Structures are given as structure tokens and as C-alpha cells.
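Participant: Attaching a single structure in C-alpha cells format; questions to follow.
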Amino acid sequence: MKNSLNEQQIDYSSDAQFVIRELEAVHPIFSLFENIPSYEEAKAGYIEFTNKPIALIEFRLATQKFLAVLGDGHISRSLLSGSILLYIDVAWIANDGKLFLLDENNKPSNIEIINIGGIAVNTITEQVDIYYAAENEAARQHNYAMFCRQEDMLILAGCNYLDSAIELETADGQKITCKFLPSHVNKIRLGSKPEYIIKHEMINDVFYIDLRSFQIDPSIDDAVEKIKDAVQNGTKKFIIDIRDNSGGNSGVGQKLIQAMGMKTPEYGMYVRHSELSCKTHNYEASDKNETFEPNKNTAVPNEDITLLVLTNVNTFSSATMLGVWVQDGKLGKIIGQASSNKPNHYGEMLSVELPISKIDFNLSSKRFLRPDTEANPDSLIPDIEVPFGEDILAAALDYMNSVG
């Protein structure tokens, strides 16, 4: 690879064995399913590739490729959490495998990028599919929008570029030169740290909650009190906006729902105990794994309230869970686009540092099952779908106006 030529070649084979050992000891998939498609083949390829001195970037990419076979989006996203990588400084979104530039208002335009560094976009998306797990089609589009900008994927696809810039070509023949910026400098779209956790305002008679991250924070407590006051003062229409929200502590979602006088249904959960989970959470080792059955009947709606939850392709993890609670518990409606991870998904990440490479290696330790066992396990499908490129918030406000 272009950016690995000058890197020292090191024997990372013991790190690879560490990854395999911890993965099989911790991840729930290995105790839930006897056969995991393509896993043994991927493991054999991973062992063979890492059984010789290689550059660090080659080891990281080999590990990404190996882990992607599990189809766990949490692992795929979190492996890079400690890495400083280069990304094209461009704003676009993916739809049906195509990349469209965003306009000055951060809305999708009709300007399609067809080549990056002289290579067709579909060649680059093929690399992204190999190295990043997609739990559903929405996740696949998220991956394209995020990682077709990443230097590693561009190098693997054979793109040509200077050290600091690359040329993009549009479908109508425009040429656009974009710089590369490090991930810690560039606000990586579709994955950057939000500028705030939560904001709220009244939009006419609608209490609008803009939730950027599921973090326990005084601003959440303040919003909860404002919601309670609004309910007490007769406000009946609420919107929770979790577009571009990558999740966090699911308790945040429960707090907001409870403030509206409602109760969420119960997610099912399979907890796999391991030496790592015991060490992480400081409890005694146990060979007994735990199963908690999903239950949609524990939900308690508030018939006086009309609640809409706004989702899009970048809604993920605890954000998806909030949407599932609302939909399965009939607490309100989902409006927007399908989220990028399965309602039935893996999560509750545990982290270790690989001894040689010093890469932070993250593993799921639980499997979550949506409360309504008859609902779609793979996608949170909105009750009201908003077509690509249209304003989801505007559609939600129009709906609120229609209910009087």
C-alpha cells in the first residue's frame, strides 16, 4: 500500500491470535449459533496473512476484513476509534450506491460523483463492502458515504492522488479538487462528535427535541424537566430528532419517554459472560449466560400525546433502540428513513488493547432483540417514509399540522 511502504515490518501474528481468542470467547454469536457463514474461511485467511512481518496499516486492515465477516456494525465502527486516518474533505451522501454532494444547507443535491482519483465509485464501494460490515441496506449506504472518503479504501481501489489532494469527477463532467484532512482535525461527516448533546424549542405548538448523542449529562436532565413542564401545561405534540445520532447510553431515551408520561417496552437480551466482561464490569466469573425475553406488553403510551421520532440512515445503536421502543410500544410514529443497524443487534462493547500493535480492540458482549418479535428484525422501517433528499423535519411538522 502507498502509505505503508516506509513503515516498519513487524510480526503481528500474536496479536492476530489474541483477536481470534478474545473474539471467540466474548462475542455472543459464537454461543448462539453453531455455523457462522464464511467465518472459518475468513479466520484461515487472517492467520495466513498475519503469519509474516507486515506493516501496521496492513495488520489493521486485515483485522477489519476478518471482523467484517460477523456482520456486527458496532465492531466495524469501533475498531478505528483510536486511529488517526485521512479523509477527503468533502460533504456527500450515498443513495443506492451513488454519491451525491450536499449543498450549502447540508441537503442532498443532484450532483453525482462518478470518479474519485480516476477510479469509478463502484470500484471503491466494493472495497468498503469487504472491510466494513453492513447490518442492512441503510448501513451499506452509510458505509459508502463515510468510507469512500477514507484514504485506506481509496488506496486499495487504486485511486491516484497527490499527498494532500485528490480529484473528483461529477456525472456532468465537472472536476473538483479536494484536500485530505486527518480525522482528528476534520469534522468527519456522518460520524463526527456532535457540537451539543441536546437542544429543545417550541415550533408553533410542537415541542421539538434535537438529540445529538445519548450521553448522561445535565443538559439531558434540563430537557427532561422542560418536557414534564410542557406536558403539565398542556403541550400534546412532541418530536424527538435522532437523525445522525450514533447512540450511547440507552437510558437517555428512556428518560425522555418517561418524561412524557410513557413507559417503554422491554428489549430482549442475551448476555454472554466471559473473563473480559467480568474484568471490565468487576464481577465474579460465571459460566452461566443470561437470557431476558423481549416483551412489548410492558409499554405504556400516553394517549394525550402525539409523538414523532425522526430517523435517517445515520441513526445507530441506542438511537435505533429508541425508535424501536416507540414503534413496538405504539408510543408514537417513526418518520424519515431506515436506520443503519438492525433492531436485533449486538452491542455493549468491551475494549482491550492489542499487545504488539497497541490497537484498541472492541467486542460486543450482548445481543439485543426488539420487543415485538413479529416485527422486522433487520431494519427499523419508518411508519412514514420520507424520500431521499426531502426535508424530514418539514414532513414531520406538516404531519403535526394535519392532526390538529
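Lettering and numbering for the C-alpha cells are positional, with chains as A, B, ... in the shown order, residues counted from 1 in each chain, and ligands counted from 1 in the shown order.
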Excluding region 325-331 of chain A and its own-chain neighbours fewer than 5 positions away, which residues fall within 6 Å of it when counting only C-alpha atoms? Please give them as a ChimeraX atom specification.
Facilitator: /A:264-265,296,299,301,372
Participant: Write to file, as a PDB file, in the first residue's frame, the residues of the selection just made, with C-alpha atoms.
Facilitator:
```pdb
ATOM      1  CA  THR A 264     -41.011   1.750  27.023  1.00  0.00           C
ATOM      2  CA  PRO A 265     -41.482  -1.932  26.100  1.00  0.00           C
ATOM      3  CA  LYS A 296     -43.819  -5.403  24.018  1.00  0.00           C
ATOM      4  CA  ALA A 299     -45.212  -0.421  27.100  1.00  0.00           C
ATOM      5  CA  PRO A 301     -48.461   5.011  25.911  1.00  0.00           C
ATOM      6  CA  ASP A 372     -42.128  -7.039  19.065  1.00  0.00           C
TER       7      ASP A 372
END
```
Participant: Quick one: everything within 9 Å of Glu293 (chain A), counting only C-alpha atoms, minus sequence neighbours fewer than 5 positions away in the same chain. Send it as a tab-separated table (two decimals) with N, CA and C atoms, in the first residue's frame.
Facilitator:
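out-v9.tsv, freshly written:
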```
chain	number	residue	atom	x	y	z
A	266	GLU	N	-40.00	-3.76	26.71
A	266	GLU	CA	-38.73	-4.34	27.12
A	266	GLU	C	-38.02	-5.04	25.96
A	267	TYR	N	-36.82	-4.58	25.70
A	267	TYR	CA	-35.95	-5.27	24.75
A	267	TYR	C	-35.56	-6.63	25.33
A	268	GLY	N	-35.45	-7.63	24.47
A	268	GLY	CA	-34.85	-8.88	24.90
A	268	GLY	C	-33.34	-8.76	24.88
A	269	MET	N	-32.69	-9.63	25.64
A	269	MET	CA	-31.23	-9.51	25.71
A	269	MET	C	-30.60	-10.87	26.02
A	270	TYR	N	-29.54	-11.17	25.31
A	270	TYR	CA	-28.70	-12.32	25.62
A	270	TYR	C	-27.35	-11.79	26.05
A	369	LEU	N	-32.74	-7.96	21.29
A	369	LEU	CA	-33.86	-8.39	20.46
A	369	LEU	C	-35.02	-7.43	20.65
A	371	PRO	N	-38.60	-5.65	21.07
A	371	PRO	CA	-39.73	-6.11	21.88
A	371	PRO	C	-40.79	-6.85	21.09
```
Participant: Write down as a PDB file with N, CA and C atoms, in the first residue's frame the residues belonging to region 28-155 of chain A that are assigned alpha helix (DSSP H) by DSSP computed on the backbone.
Facilitator:
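File produced: states-v3.pdb:
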```pdb
ATOM      1  N   ILE A  29     -22.234 -14.259  19.314  1.00  0.00           N
ATOM      2  CA  ILE A  29     -22.559 -15.036  18.116  1.00  0.00           C
ATOM      3  C   ILE A  29     -22.028 -16.459  18.198  1.00  0.00           C
ATOM      4  N   PHE A  30     -20.915 -16.657  18.915  1.00  0.00           N
ATOM      5  CA  PHE A  30     -20.299 -17.977  18.964  1.00  0.00           C
ATOM      6  C   PHE A  30     -21.000 -18.931  19.925  1.00  0.00           C
ATOM      7  N   SER A  31     -21.765 -18.405  20.857  1.00  0.00           N
ATOM      8  CA  SER A  31     -22.530 -19.284  21.732  1.00  0.00           C
ATOM      9  C   SER A  31     -23.999 -19.381  21.311  1.00  0.00           C
ATOM     10  N   LEU A  32     -24.420 -18.512  20.382  1.00  0.00           N
ATOM     11  CA  LEU A  32     -25.796 -18.550  19.900  1.00  0.00           C
ATOM     12  C   LEU A  32     -25.950 -19.385  18.634  1.00  0.00           C
ATOM     13  N   TYR A  39     -17.025 -17.758   8.264  1.00  0.00           N
ATOM     14  CA  TYR A  39     -16.120 -17.389   9.365  1.00  0.00           C
ATOM     15  C   TYR A  39     -14.818 -18.183   9.317  1.00  0.00           C
ATOM     16  N   GLU A  40     -14.894 -19.497   9.197  1.00  0.00           N
ATOM     17  CA  GLU A  40     -13.678 -20.315   9.232  1.00  0.00           C
ATOM     18  C   GLU A  40     -12.747 -19.977   8.071  1.00  0.00           C
ATOM     19  N   GLU A  41     -13.331 -19.705   6.921  1.00  0.00           N
ATOM     20  CA  GLU A  41     -12.522 -19.313   5.764  1.00  0.00           C
ATOM     21  C   GLU A  41     -11.831 -17.971   6.019  1.00  0.00           C
ATOM     22  N   ALA A  42     -12.590 -17.021   6.599  1.00  0.00           N
ATOM     23  CA  ALA A  42     -12.013 -15.705   6.901  1.00  0.00           C
ATOM     24  C   ALA A  42     -10.917 -15.824   7.953  1.00  0.00           C
ATOM     25  N   LYS A  43     -11.133 -16.666   8.953  1.00  0.00           N
ATOM     26  CA  LYS A  43     -10.125 -16.858  10.000  1.00  0.00           C
ATOM     27  C   LYS A  43      -8.841 -17.459   9.429  1.00  0.00           C
ATOM     28  N   ALA A  44      -8.983 -18.433   8.578  1.00  0.00           N
ATOM     29  CA  ALA A  44      -7.805 -19.060   7.975  1.00  0.00           C
ATOM     30  C   ALA A  44      -7.016 -18.036   7.147  1.00  0.00           C
ATOM     31  N   GLY A  45      -7.735 -17.213   6.396  1.00  0.00           N
ATOM     32  CA  GLY A  45      -7.069 -16.187   5.603  1.00  0.00           C
ATOM     33  C   GLY A  45      -6.375 -15.147   6.467  1.00  0.00           C
ATOM     34  N   TYR A  46      -6.997 -14.804   7.586  1.00  0.00           N
ATOM     35  CA  TYR A  46      -6.422 -13.830   8.529  1.00  0.00           C
ATOM     36  C   TYR A  46      -5.139 -14.373   9.150  1.00  0.00           C
ATOM     37  N   ILE A  47      -5.158 -15.634   9.561  1.00  0.00           N
ATOM     38  CA  ILE A  47      -3.972 -16.258  10.166  1.00  0.00           C
ATOM     39  C   ILE A  47      -2.833 -16.329   9.150  1.00  0.00           C
ATOM     40  N   GLU A  48      -3.171 -16.730   7.923  1.00  0.00           N
ATOM     41  CA  GLU A  48      -2.134 -16.857   6.889  1.00  0.00           C
ATOM     42  C   GLU A  48      -1.505 -15.495   6.572  1.00  0.00           C
ATOM     43  N   PHE A  49      -2.337 -14.459   6.439  1.00  0.00           N
ATOM     44  CA  PHE A  49      -1.814 -13.141   6.065  1.00  0.00           C
ATOM     45  C   PHE A  49      -0.940 -12.544   7.159  1.00  0.00           C
ATOM     46  N   THR A  50      -1.321 -12.764   8.412  1.00  0.00           N
ATOM     47  CA  THR A  50      -0.581 -12.148   9.524  1.00  0.00           C
ATOM     48  C   THR A  50       0.570 -13.010  10.026  1.00  0.00           C
ATOM     49  N   LEU A  56       1.944  -1.942  10.057  1.00  0.00           N
ATOM     50  CA  LEU A  56       0.820  -1.774  10.973  1.00  0.00           C
ATOM     51  C   LEU A  56      -0.485  -1.568  10.225  1.00  0.00           C
ATOM     52  N   ILE A  57      -0.460  -0.744   9.178  1.00  0.00           N
ATOM     53  CA  ILE A  57      -1.700  -0.488   8.439  1.00  0.00           C
ATOM     54  C   ILE A  57      -2.222  -1.762   7.789  1.00  0.00           C
ATOM     55  N   GLU A  58      -1.299  -2.618   7.343  1.00  0.00           N
ATOM     56  CA  GLU A  58      -1.721  -3.878   6.746  1.00  0.00           C
ATOM     57  C   GLU A  58      -2.359  -4.789   7.793  1.00  0.00           C
ATOM     58  N   PHE A  59      -1.809  -4.776   8.998  1.00  0.00           N
ATOM     59  CA  PHE A  59      -2.395  -5.581  10.063  1.00  0.00           C
ATOM     60  C   PHE A  59      -3.783  -5.059  10.428  1.00  0.00           C
ATOM     61  N   ARG A  60      -3.917  -3.731  10.547  1.00  0.00           N
ATOM     62  CA  ARG A  60      -5.222  -3.172  10.912  1.00  0.00           C
ATOM     63  C   ARG A  60      -6.275  -3.500   9.861  1.00  0.00           C
ATOM     64  N   LEU A  61      -5.910  -3.361   8.592  1.00  0.00           N
ATOM     65  CA  LEU A  61      -6.864  -3.649   7.532  1.00  0.00           C
ATOM     66  C   LEU A  61      -7.217  -5.138   7.479  1.00  0.00           C
ATOM     67  N   ALA A  62      -6.244  -5.990   7.713  1.00  0.00           N
ATOM     68  CA  ALA A  62      -6.522  -7.424   7.746  1.00  0.00           C
ATOM     69  C   ALA A  62      -7.482  -7.760   8.880  1.00  0.00           C
ATOM     70  N   THR A  63      -7.306  -7.083  10.017  1.00  0.00           N
ATOM     71  CA  THR A  63      -8.198  -7.300  11.160  1.00  0.00           C
ATOM     72  C   THR A  63      -9.599  -6.800  10.843  1.00  0.00           C
ATOM     73  N   GLN A  64      -9.701  -5.628  10.209  1.00  0.00           N
ATOM     74  CA  GLN A  64     -11.009  -5.111   9.795  1.00  0.00           C
ATOM     75  C   GLN A  64     -11.717  -6.099   8.871  1.00  0.00           C
ATOM     76  N   LYS A  65     -10.990  -6.599   7.901  1.00  0.00           N
ATOM     77  CA  LYS A  65     -11.571  -7.535   6.920  1.00  0.00           C
ATOM     78  C   LYS A  65     -12.056  -8.803   7.602  1.00  0.00           C
ATOM     79  N   PHE A  66     -11.273  -9.312   8.531  1.00  0.00           N
ATOM     80  CA  PHE A  66     -11.643 -10.522   9.261  1.00  0.00           C
ATOM     81  C   PHE A  66     -12.902 -10.287  10.097  1.00  0.00           C
ATOM     82  N   LEU A  67     -12.946  -9.202  10.826  1.00  0.00           N
ATOM     83  CA  LEU A  67     -14.083  -8.938  11.712  1.00  0.00           C
ATOM     84  C   LEU A  67     -15.359  -8.632  10.948  1.00  0.00           C
ATOM     85  N   ALA A  68     -15.240  -8.094   9.738  1.00  0.00           N
ATOM     86  CA  ALA A  68     -16.425  -7.724   8.963  1.00  0.00           C
ATOM     87  C   ALA A  68     -17.300  -8.928   8.647  1.00  0.00           C
ATOM     88  N   GLY A  73     -22.076  -4.303  13.063  1.00  0.00           N
ATOM     89  CA  GLY A  73     -21.725  -2.928  12.761  1.00  0.00           C
ATOM     90  C   GLY A  73     -21.026  -2.215  13.894  1.00  0.00           C
ATOM     91  N   HIS A  74     -21.292  -2.623  15.141  1.00  0.00           N
ATOM     92  CA  HIS A  74     -20.621  -1.972  16.267  1.00  0.00           C
ATOM     93  C   HIS A  74     -19.116  -2.230  16.235  1.00  0.00           C
ATOM     94  N   ILE A  75     -18.716  -3.468  15.963  1.00  0.00           N
ATOM     95  CA  ILE A  75     -17.292  -3.771  15.873  1.00  0.00           C
ATOM     96  C   ILE A  75     -16.671  -3.022  14.700  1.00  0.00           C
ATOM     97  N   SER A  76     -17.370  -3.024  13.566  1.00  0.00           N
ATOM     98  CA  SER A  76     -16.829  -2.420  12.357  1.00  0.00           C
ATOM     99  C   SER A  76     -16.554  -0.940  12.554  1.00  0.00           C
ATOM    100  N   ARG A  77     -17.415  -0.248  13.304  1.00  0.00           N
ATOM    101  CA  ARG A  77     -17.227   1.180  13.527  1.00  0.00           C
ATOM    102  C   ARG A  77     -16.183   1.466  14.603  1.00  0.00           C
ATOM    103  N   SER A  78     -16.134   0.612  15.624  1.00  0.00           N
ATOM    104  CA  SER A  78     -15.339   0.967  16.795  1.00  0.00           C
ATOM    105  C   SER A  78     -13.867   0.607  16.674  1.00  0.00           C
ATOM    106  N   VAL A 121     -16.631   5.078  -8.811  1.00  0.00           N
ATOM    107  CA  VAL A 121     -17.121   4.973  -7.438  1.00  0.00           C
ATOM    108  C   VAL A 121     -17.479   3.535  -7.068  1.00  0.00           C
ATOM    109  N   ASN A 122     -18.062   2.781  -8.007  1.00  0.00           N
ATOM    110  CA  ASN A 122     -18.468   1.417  -7.656  1.00  0.00           C
ATOM    111  C   ASN A 122     -17.277   0.517  -7.348  1.00  0.00           C
ATOM    112  N   THR A 123     -16.109   0.823  -7.886  1.00  0.00           N
ATOM    113  CA  THR A 123     -14.898   0.064  -7.541  1.00  0.00           C
ATOM    114  C   THR A 123     -14.495   0.337  -6.096  1.00  0.00           C
ATOM    115  N   ILE A 124     -14.665   1.575  -5.654  1.00  0.00           N
ATOM    116  CA  ILE A 124     -14.337   1.932  -4.270  1.00  0.00           C
ATOM    117  C   ILE A 124     -15.342   1.343  -3.301  1.00  0.00           C
ATOM    118  N   THR A 125     -16.623   1.364  -3.667  1.00  0.00           N
ATOM    119  CA  THR A 125     -17.636   0.785  -2.768  1.00  0.00           C
ATOM    120  C   THR A 125     -17.431  -0.721  -2.590  1.00  0.00           C
ATOM    121  N   GLU A 126     -16.866  -1.383  -3.608  1.00  0.00           N
ATOM    122  CA  GLU A 126     -16.560  -2.811  -3.468  1.00  0.00           C
ATOM    123  C   GLU A 126     -15.540  -3.037  -2.350  1.00  0.00           C
ATOM    124  N   GLN A 127     -14.556  -2.158  -2.233  1.00  0.00           N
ATOM    125  CA  GLN A 127     -13.582  -2.270  -1.152  1.00  0.00           C
ATOM    126  C   GLN A 127     -14.237  -2.020   0.199  1.00  0.00           C
ATOM    127  N   VAL A 128     -15.102  -1.031   0.249  1.00  0.00           N
ATOM    128  CA  VAL A 128     -15.797  -0.720   1.505  1.00  0.00           C
ATOM    129  C   VAL A 128     -16.607  -1.924   1.973  1.00  0.00           C
ATOM    130  N   ASP A 129     -17.278  -2.614   1.047  1.00  0.00           N
ATOM    131  CA  ASP A 129     -18.061  -3.794   1.408  1.00  0.00           C
ATOM    132  C   ASP A 129     -17.205  -4.888   2.030  1.00  0.00           C
ATOM    133  N   ILE A 130     -15.967  -4.994   1.584  1.00  0.00           N
ATOM    134  CA  ILE A 130     -15.072  -6.039   2.087  1.00  0.00           C
ATOM    135  C   ILE A 130     -14.606  -5.735   3.511  1.00  0.00           C
ATOM    136  N   TYR A 131     -14.384  -4.467   3.808  1.00  0.00           N
ATOM    137  CA  TYR A 131     -13.723  -4.104   5.065  1.00  0.00           C
ATOM    138  C   TYR A 131     -14.657  -3.569   6.151  1.00  0.00           C
ATOM    139  N   GLU A 137     -29.345  -2.543   4.471  1.00  0.00           N
ATOM    140  CA  GLU A 137     -29.039  -1.709   3.306  1.00  0.00           C
ATOM    141  C   GLU A 137     -28.760  -0.261   3.703  1.00  0.00           C
ATOM    142  N   ALA A 138     -29.455   0.234   4.721  1.00  0.00           N
ATOM    143  CA  ALA A 138     -29.188   1.591   5.190  1.00  0.00           C
ATOM    144  C   ALA A 138     -27.741   1.707   5.681  1.00  0.00           C
ATOM    145  N   ALA A 139     -27.269   0.674   6.371  1.00  0.00           N
ATOM    146  CA  ALA A 139     -25.885   0.674   6.857  1.00  0.00           C
ATOM    147  C   ALA A 139     -24.901   0.660   5.698  1.00  0.00           C
ATOM    148  N   ARG A 140     -25.248  -0.055   4.665  1.00  0.00           N
ATOM    149  CA  ARG A 140     -24.368  -0.118   3.490  1.00  0.00           C
ATOM    150  C   ARG A 140     -24.192   1.280   2.888  1.00  0.00           C
ATOM    151  N   GLN A 141     -25.285   2.026   2.771  1.00  0.00           N
ATOM    152  CA  GLN A 141     -25.198   3.384   2.221  1.00  0.00           C
ATOM    153  C   GLN A 141     -24.412   4.301   3.155  1.00  0.00           C
ATOM    154  N   HIS A 142     -24.599   4.142   4.464  1.00  0.00           N
ATOM    155  CA  HIS A 142     -23.812   4.917   5.431  1.00  0.00           C
ATOM    156  C   HIS A 142     -22.331   4.639   5.238  1.00  0.00           C
ATOM    157  N   ASN A 143     -21.974   3.357   5.106  1.00  0.00           N
ATOM    158  CA  ASN A 143     -20.568   2.992   4.928  1.00  0.00           C
ATOM    159  C   ASN A 143     -19.978   3.629   3.671  1.00  0.00           C
ATOM    160  N   TYR A 144     -20.759   3.638   2.597  1.00  0.00           N
ATOM    161  CA  TYR A 144     -20.262   4.236   1.357  1.00  0.00           C
ATOM    162  C   TYR A 144     -19.993   5.728   1.563  1.00  0.00           C
ATOM    163  N   ALA A 145     -20.949   6.417   2.183  1.00  0.00           N
ATOM    164  CA  ALA A 145     -20.791   7.863   2.383  1.00  0.00           C
ATOM    165  C   ALA A 145     -19.599   8.178   3.275  1.00  0.00           C
ATOM    166  N   MET A 146     -19.370   7.340   4.273  1.00  0.00           N
ATOM    167  CA  MET A 146     -18.290   7.578   5.231  1.00  0.00           C
ATOM    168  C   MET A 146     -16.936   7.145   4.668  1.00  0.00           C
ATOM    169  N   PHE A 147     -16.862   5.930   4.176  1.00  0.00           N
ATOM    170  CA  PHE A 147     -15.564   5.320   3.923  1.00  0.00           C
ATOM    171  C   PHE A 147     -15.087   5.418   2.476  1.00  0.00           C
ATOM    172  N   GLU A 151      -8.784   7.384   3.096  1.00  0.00           N
ATOM    173  CA  GLU A 151      -7.594   7.124   2.286  1.00  0.00           C
ATOM    174  C   GLU A 151      -7.333   5.636   2.087  1.00  0.00           C
ATOM    175  N   ASP A 152      -7.486   4.841   3.120  1.00  0.00           N
ATOM    176  CA  ASP A 152      -7.208   3.408   3.002  1.00  0.00           C
ATOM    177  C   ASP A 152      -8.018   2.770   1.875  1.00  0.00           C
ATOM    178  N   MET A 153      -9.321   3.070   1.841  1.00  0.00           N
ATOM    179  CA  MET A 153     -10.180   2.467   0.827  1.00  0.00           C
ATOM    180  C   MET A 153      -9.823   2.973  -0.570  1.00  0.00           C
ATOM    181  N   LEU A 154      -9.424   4.231  -0.669  1.00  0.00           N
ATOM    182  CA  LEU A 154      -9.041   4.788  -1.961  1.00  0.00           C
ATOM    183  C   LEU A 154      -7.762   4.139  -2.485  1.00  0.00           C
ATOM    184  N   ILE A 155      -6.824   3.887  -1.583  1.00  0.00           N
ATOM    185  CA  ILE A 155      -5.572   3.225  -1.980  1.00  0.00           C
ATOM    186  C   ILE A 155      -5.848   1.804  -2.453  1.00  0.00           C
TER     187      ILE A 155
END
```
Participant: Can you measure CA of Ser318 (chain A) to CA of Leu276 (chain A) for me? One decimal in Å is fine.
Facilitator: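 That distance, rounded to one decimal, is 22.5 Å.
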Participant: Which residue, A:Ile242, A:Leu168, A:Val352, A:Met260, has the smallest gap to Thr311 (chain A) when you use only C-alpha atoms?
Facilitator: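 The shortest atom-to-atom distance to Thr311 (chain A) comes from A:Ile242.
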Participant: Fewer than 5 positions away in the same chain doesn't count, so skip those; otherwise give me all residues within 7 Å of Trp92 (chain A), counting only C-alpha atoms, as JSON, numbers by chain.
Facilitator: {"A": [99, 100, 101, 102, 145]}
Participant: In Å, rounded to a single decimal, give me how far CA of Ala91 (chain A) is from CA of Leu308 (chain A).
Facilitator: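 So the answer is 27.7 Å.
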Participant: Within 10 Å of Asn160 (chain A), counting only C-alpha atoms, which residues qualify if same-chain residues fewer than 4 places away don't, as an MDAnalysis selection string?
Facilitator: chainID A and resid 116:119 154:155 165:167
Participant: What is the distance, in Å and to one decimal place, between CA of Ile305 (chain A) and CA of Tyr196 (chain A)?
Facilitator: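 Straight-line distance from CA of Ile305 (chain A) to CA of Tyr196 (chain A) works out to 26.5 Å.
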Participant: Any chance you could list, as a ChimeraX atom specification, the residues in region 83-279 of chain A that come up strand (DSSP E or B) when DSSP is run on the backbone?
Facilitator: /A:86-88,92-95,98-102,108-116,119-120,150,165-170,175-182,198-203,206-211,214,237-241,248,263,266,268-271
Participant: Using the selection just defined, write its residues with C-alpha atoms as an mmCIF file, in the first residue's frame.
Facilitator:
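And here is the file that came out, part25.cif:
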```
data_model
loop_
_atom_site.group_PDB
_atom_site.id
_atom_site.type_symbol
_atom_site.label_atom_id
_atom_site.label_comp_id
_atom_site.auth_asym_id
_atom_site.auth_seq_id
_atom_site.Cartn_x
_atom_site.Cartn_y
_atom_site.Cartn_z
ATOM 1 C CA LEU A 86 -7.023 10.736 6.389
ATOM 2 C CA TYR A 87 -10.382 11.561 4.799
ATOM 3 C CA ILE A 88 -11.361 13.607 1.762
ATOM 4 C CA TRP A 92 -21.743 13.973 0.295
ATOM 5 C CA ILE A 93 -24.342 11.316 0.956
ATOM 6 C CA ALA A 94 -24.865 7.888 -0.559
ATOM 7 C CA ASN A 95 -28.078 6.680 -2.147
ATOM 8 C CA LYS A 98 -24.180 6.543 -5.694
ATOM 9 C CA LEU A 99 -22.564 9.597 -4.088
ATOM 10 C CA PHE A 100 -24.316 12.975 -4.196
ATOM 11 C CA LEU A 101 -22.763 16.217 -2.988
ATOM 12 C CA LEU A 102 -24.549 18.137 -0.229
ATOM 13 C CA PRO A 108 -28.530 16.351 -0.944
ATOM 14 C CA SER A 109 -28.015 17.914 -4.366
ATOM 15 C CA ASN A 110 -28.379 16.255 -7.771
ATOM 16 C CA ILE A 111 -24.615 16.495 -8.381
ATOM 17 C CA GLU A 112 -23.329 12.914 -8.538
ATOM 18 C CA ILE A 113 -19.674 11.975 -8.067
ATOM 19 C CA ILE A 114 -18.771 9.204 -10.530
ATOM 20 C CA ASN A 115 -14.956 9.035 -10.208
ATOM 21 C CA ILE A 116 -12.508 9.571 -7.358
ATOM 22 C CA ILE A 119 -11.417 5.302 -10.316
ATOM 23 C CA ALA A 120 -15.139 4.633 -10.659
ATOM 24 C CA GLN A 150 -11.136 7.321 3.634
ATOM 25 C CA ALA A 165 -5.373 16.356 -2.581
ATOM 26 C CA ILE A 166 -7.473 14.210 -4.901
ATOM 27 C CA GLU A 167 -9.640 14.989 -7.937
ATOM 28 C CA LEU A 168 -13.341 14.151 -8.043
ATOM 29 C CA GLU A 169 -15.350 13.974 -11.271
ATOM 30 C CA THR A 170 -19.093 14.599 -11.464
ATOM 31 C CA LYS A 175 -13.647 18.341 -11.908
ATOM 32 C CA ILE A 176 -13.348 19.142 -8.194
ATOM 33 C CA THR A 177 -10.075 19.078 -6.262
ATOM 34 C CA CYS A 178 -10.400 18.217 -2.559
ATOM 35 C CA LYS A 179 -7.802 18.071 0.187
ATOM 36 C CA PHE A 180 -7.243 15.279 2.685
ATOM 37 C CA LEU A 181 -7.567 16.099 6.355
ATOM 38 C CA PRO A 182 -6.798 13.939 9.415
ATOM 39 C CA ILE A 198 -29.476 18.033 23.229
ATOM 40 C CA LYS A 199 -31.430 21.172 22.399
ATOM 41 C CA HIS A 200 -35.146 21.871 22.555
ATOM 42 C CA GLU A 201 -37.548 24.549 21.388
ATOM 43 C CA MET A 202 -41.201 25.175 20.665
ATOM 44 C CA ILE A 203 -42.031 25.238 16.948
ATOM 45 C CA VAL A 206 -44.766 21.330 18.777
ATOM 46 C CA PHE A 207 -42.110 20.638 21.420
ATOM 47 C CA TYR A 208 -39.055 19.834 19.289
ATOM 48 C CA ILE A 209 -36.168 17.858 20.851
ATOM 49 C CA ASP A 210 -32.925 17.755 18.869
ATOM 50 C CA LEU A 211 -30.965 14.862 20.409
ATOM 51 C CA PHE A 214 -27.132 9.542 24.073
ATOM 52 C CA LYS A 237 -47.205 17.313 20.265
ATOM 53 C CA PHE A 238 -43.577 16.202 20.585
ATOM 54 C CA ILE A 239 -40.811 15.449 18.098
ATOM 55 C CA ILE A 240 -37.571 13.668 19.012
ATOM 56 C CA ASP A 241 -34.989 14.121 16.269
ATOM 57 C CA GLY A 248 -24.538 5.900 23.502
ATOM 58 C CA LYS A 263 -43.116 3.626 29.545
ATOM 59 C CA GLU A 266 -38.729 -4.341 27.121
ATOM 60 C CA GLY A 268 -34.851 -8.885 24.895
ATOM 61 C CA MET A 269 -31.231 -9.513 25.715
ATOM 62 C CA TYR A 270 -28.705 -12.321 25.616
ATOM 63 C CA VAL A 271 -25.695 -11.659 27.849
#
```
Participant: Taking 6 positions as the minimum chain separation for residues in the same chain, which residues sit within 8 Å of region 332-348 of chain A when counting only C-alpha atoms? Answer as a PyMOL selection string.
Facilitator: chain A and resi 28+72-74+134-140+142+306-317+320-321+323-324+326+363-370+376-388+392+396
